[in-house]
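Worksheet: one structure, shown below.
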Amino acid sequence: MSKIFLGLDCSTQSLTALLVEKSPDGTRILHEESLNFERDLPEFGTRSGVLPGTGGEAHTPPQLWVKALEKIFAALHAKGLPLRDILAIGTSGQQHGSVYLNASAESALVAADPAKPLSAQLEGIYSRATSPIWMDSTTSEECREITEALGGDDAVCSLTGSRAYERFTGPQIRKFFKQEPENYARTRHICLVSSFLPSLLAGRIVPIDAGDGAGMNLMDIASIKWSEKALEATAPGLREKLLPVTLSGSWSTPIADYFVKRFGLDPQCRVLPGTGDNPSSLVGLGLVSSGRIGISLGTSDTLFAFMSQVKTDPLGQSHVFASPTGNYMAISVYKNGSLAREAVRNQCGLDWKGFSELLEAGSPGNAGRFMLPYFDTEIIPRVQRPRVRRFGYAVEDKAVEVRAVVEAQMLSMRLHSEWMGEKPARIHVTGGASANDSILQVMADTFGVPVFRQETANAAALGAALRAVHFEAEQGGKPVSWESVVSPFLGFDAATAEPDREAHLALTALMEKYRQAEREFLREG
Ligand code: XUL
């Protein structure tokens with residue numbers, strides 16, 4: 001008998017549904033369905049899922065997510081997929097975004113009539129018409145106020161896992177309270193995007209999962225509970241507007257009658273609290289035990305690290321979230337990713353093939369020559385005035401330049417992961433530039449560990465479905481290893497790149513020069 005699980009990921013631009021089938025023959029992806037907010041829901045007037053805004057404002061109408069959810073279920077239903085066999089649903093959402101509901105919300109959810117569209121019945125449930133999302137950067141003042149009330153950047157970071165950031169939910173809530181006190185007062189529940197979706201599915205407001213709870217500057221990262229101090233520093237009466245934080249896998253509720261009657265789901269189907277897309281991707285990328293890190297080589301390069309114990313970044317540049325496995329994760333974003341690689345490729349007049357050839361022709365460690373690659377402002381380390389510095393060579397030397405940019409990126413990631421105190425044993429790599437074997441070789445040589453390319457279409461949606469698989473497997477009463485749940489999807493036996501010992505030694509020596517140069521550069525300001 002096969003069992004079906006559903007993972008949903010609500011990103012900024014799209015909603016993805018991924019069905020996983022578990023049968024005696026193994027576990028596999030049965031179907032993947034995606035809906036693009038701008039293309040498929042044009043009536044909301046968003047660009048890539050975000051309303052046009054000024055001055056750093058980035059909002060999305062929450063009704064868009066309601067319509068998207070209905071539409072994706074209608075599409076799955078119309079295709080005759082086995083919705084009745086879904087045993088559990090895991091969800092994942094873009095982190096930090098918040099949805100503000102008034103006192104009528106819960107009764108409207110409970111009373112939803114399956115004969116009518118859900119969105120039409122939920123129009124009146126909001127106390128704020130639009131939801132600030134993670135791209136919003138309008139809350140610098142609130143970040144300062146919260147930081148001051150909590151005793152400074154270091155105090156906020158060690159309490160909540162991150163310094164106060166503009167996109168984090170606490171500062172966004174504070175801004176709403178200050179600018180619209182009456183609407184704040186009539187807010188009965190504040191959900192995250194990641195908890196709003198499962199609330200729709202469950203027909204009741206569901207608790208906030210610790211993974212995304214950690215993206216609010218409101219949760220005590222060590223105890224995984226709301227921090228009274230942080231709540232107080234943010235807005236009055238906030239405690240009553242938030243449901244308790246839950247640990248992934250410790251809570252579930254049956255699917256709402258609406259989805260049973262309208263789309264034929266089984267009333268026994270369980271809905272799990274939703275988590276953030278990053279914690280969800282951690283599972284989707286198979287990062288479920290010590291020593292595993294994931295690197296996504298995209299517009300920005302992002303490093304995901306599994307951490308067995310809670311630890312926060314002393315410089316407050318990386319974020320620490322709770323992981324679905326009951327452990328922790330760190331995420332570090334490097335803005336000069338593909339952006340910097342492309343700048344070098346263009347400036348050298350190369351295509352990607354030519355870029356790779358020059359990279360392979362050079363020697364690891366670049367004979368001591370290196371670059372500080374801030375083509376744009378940088379998050380890690382914090383660089384506000386973009387500039388590139390070259391050591392021991394001139395920009396005209398294309399071969400050195402190409403190797404220098406890739407080595408700088410890898411050295412910086414290694415250097416700025418040291419605080420985690422967990423030595424990586426392997427790296428799972430994904431994202432556009434992961435198709436480039438020569439870049440992966442530099443990665444393996446820099447970290448001194450094997451690199452495995454992972455061809456996952458949507459790690460966050462897969463992670464959501466796998467959380468549901470793990471949850472259901474544990475209902476038997478015995479603990480089930482995460483490794484057994486993720487392993488069918490790792491899809492690789494051999495590493496894509498193995499580290500070379502000599503190359504690793506050369507790059508380790510270069511890292512010390514890099515560290516020193518970076519320190520001096522940052523001192524200049
Ligand atoms: C993480 C963050 C983004 C969003 C995008 O802190 O802001 O990764 O989760 O979906």
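FYI, nothing fancy with the structure tokens labels: chains A, B, ... in order, residues from 1 per chain, ligands from 1 as they appear.
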Original post:
Which chains and residue numbers are within 8 Å of ligand 1, counting only C-alpha atoms and all ligand atoms, if I want them as a list in words?
Top reply: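 These are the residues that qualify: Ser11, Thr12, Gly93, Gln94, Gln95, His96, Trp134, Met135, Arg167, Phe168, Gly215, Gly276, Asp277, Asn278, His319 and Ile331 of chain A.
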Subject >> A:Ser338 environment, 12 Å, only C-alpha atoms, sequence neighbours closer than 5 positions dropped, as number ranges by chain >> reply: A: 296-302, 343-346, 352, 373, 375-376, 405-406, 409, 431-434, 436, 439
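Looking only at stretch 153-259 of chain A, the set that DSSP places in strand (DSSP E or B) from backbone geometry is His189, Ile190, Cys191, Leu192, Ile208, Asp209, Met219, Asp220, Lys225, Trp226, Val245, Thr246, Thr253 and Pro254 of chain A.
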File dump, residues just selected, N, CA, C and O atoms, as a PDB file, in the first residue's frame:
ATOM      1  N   HIS A 189      -4.901  38.031  15.865  1.00  0.00           N
ATOM      2  CA  HIS A 189      -3.808  37.067  15.664  1.00  0.00           C
ATOM      3  C   HIS A 189      -2.798  37.625  14.682  1.00  0.00           C
ATOM      4  O   HIS A 189      -3.186  38.173  13.649  1.00  0.00           O
ATOM      5  N   ILE A 190      -1.529  37.413  14.979  1.00  0.00           N
ATOM      6  CA  ILE A 190      -0.503  37.690  13.967  1.00  0.00           C
ATOM      7  C   ILE A 190       0.064  36.334  13.544  1.00  0.00           C
ATOM      8  O   ILE A 190       0.529  35.548  14.382  1.00  0.00           O
ATOM      9  N   CYS A 191      -0.037  36.060  12.247  1.00  0.00           N
ATOM     10  CA  CYS A 191       0.530  34.812  11.706  1.00  0.00           C
ATOM     11  C   CYS A 191       1.757  35.162  10.884  1.00  0.00           C
ATOM     12  O   CYS A 191       1.913  36.299  10.436  1.00  0.00           O
ATOM     13  N   LEU A 192       2.595  34.189  10.649  1.00  0.00           N
ATOM     14  CA  LEU A 192       3.637  34.336   9.631  1.00  0.00           C
ATOM     15  C   LEU A 192       3.068  33.802   8.322  1.00  0.00           C
ATOM     16  O   LEU A 192       2.091  33.041   8.350  1.00  0.00           O
ATOM     17  N   ILE A 208       3.065  28.786  15.595  1.00  0.00           N
ATOM     18  CA  ILE A 208       4.231  29.145  14.776  1.00  0.00           C
ATOM     19  C   ILE A 208       5.343  28.132  15.043  1.00  0.00           C
ATOM     20  O   ILE A 208       5.652  27.818  16.192  1.00  0.00           O
ATOM     21  N   ASP A 209       5.926  27.609  13.968  1.00  0.00           N
ATOM     22  CA  ASP A 209       7.005  26.634  14.095  1.00  0.00           C
ATOM     23  C   ASP A 209       8.301  27.353  14.499  1.00  0.00           C
ATOM     24  O   ASP A 209       8.562  28.469  14.058  1.00  0.00           O
ATOM     25  N   MET A 219      11.785  35.352  19.586  1.00  0.00           N
ATOM     26  CA  MET A 219      11.857  34.047  20.241  1.00  0.00           C
ATOM     27  C   MET A 219      13.217  33.876  20.914  1.00  0.00           C
ATOM     28  O   MET A 219      14.233  34.244  20.345  1.00  0.00           O
ATOM     29  N   ASP A 220      13.195  33.332  22.116  1.00  0.00           N
ATOM     30  CA  ASP A 220      14.440  32.991  22.803  1.00  0.00           C
ATOM     31  C   ASP A 220      14.996  31.745  22.111  1.00  0.00           C
ATOM     32  O   ASP A 220      14.384  30.671  22.161  1.00  0.00           O
ATOM     33  N   LYS A 225      11.098  29.558  23.176  1.00  0.00           N
ATOM     34  CA  LYS A 225       9.836  30.114  23.695  1.00  0.00           C
ATOM     35  C   LYS A 225       9.838  31.598  23.364  1.00  0.00           C
ATOM     36  O   LYS A 225      10.906  32.193  23.182  1.00  0.00           O
ATOM     37  N   TRP A 226       8.661  32.196  23.332  1.00  0.00           N
ATOM     38  CA  TRP A 226       8.647  33.654  23.150  1.00  0.00           C
ATOM     39  C   TRP A 226       9.438  34.282  24.277  1.00  0.00           C
ATOM     40  O   TRP A 226       9.322  33.866  25.431  1.00  0.00           O
ATOM     41  N   VAL A 245       5.024  29.013  20.349  1.00  0.00           N
ATOM     42  CA  VAL A 245       5.928  28.411  19.355  1.00  0.00           C
ATOM     43  C   VAL A 245       5.868  26.899  19.563  1.00  0.00           C
ATOM     44  O   VAL A 245       5.801  26.430  20.692  1.00  0.00           O
ATOM     45  N   THR A 246       5.922  26.130  18.466  1.00  0.00           N
ATOM     46  CA  THR A 246       5.981  24.677  18.637  1.00  0.00           C
ATOM     47  C   THR A 246       7.227  24.134  17.956  1.00  0.00           C
ATOM     48  O   THR A 246       7.721  24.712  16.996  1.00  0.00           O
ATOM     49  N   THR A 253      -2.863  18.829  13.383  1.00  0.00           N
ATOM     50  CA  THR A 253      -4.315  18.997  13.529  1.00  0.00           C
ATOM     51  C   THR A 253      -4.962  18.455  12.252  1.00  0.00           C
ATOM     52  O   THR A 253      -4.306  18.439  11.197  1.00  0.00           O
ATOM     53  N   PRO A 254      -6.228  18.009  12.313  1.00  0.00           N
ATOM     54  CA  PRO A 254      -6.829  17.470  11.083  1.00  0.00           C
ATOM     55  C   PRO A 254      -7.107  18.553  10.040  1.00  0.00           C
ATOM     56  O   PRO A 254      -7.303  19.710  10.381  1.00  0.00           O
TER      57      PRO A 254
END
Please, which residues in stretch 80-183 of chain A fall within 6 Å of stretch 305-317 of chain A when counting only C-alpha atoms, and what is the closest atom pair and distance in Å to one decimal for each, ordered by chain then residue number, as a Markdown table?
| residue | atom | partner | partner_atom | distance |
| --- | --- | --- | --- | --- |
| A:Ser158 | CA | A:Thr312 | CA | 5.9 |
| A:Gly161 | CA | A:Thr312 | CA | 5.8 |
| A:Arg163 | CA | A:Gly316 | CA | 5.8 |
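Nearest residue to A:Ala425, choosing from A:Val451, A:Val20, A:Ala115, A:Val99 and counting only C-alpha atoms: A:Val451.
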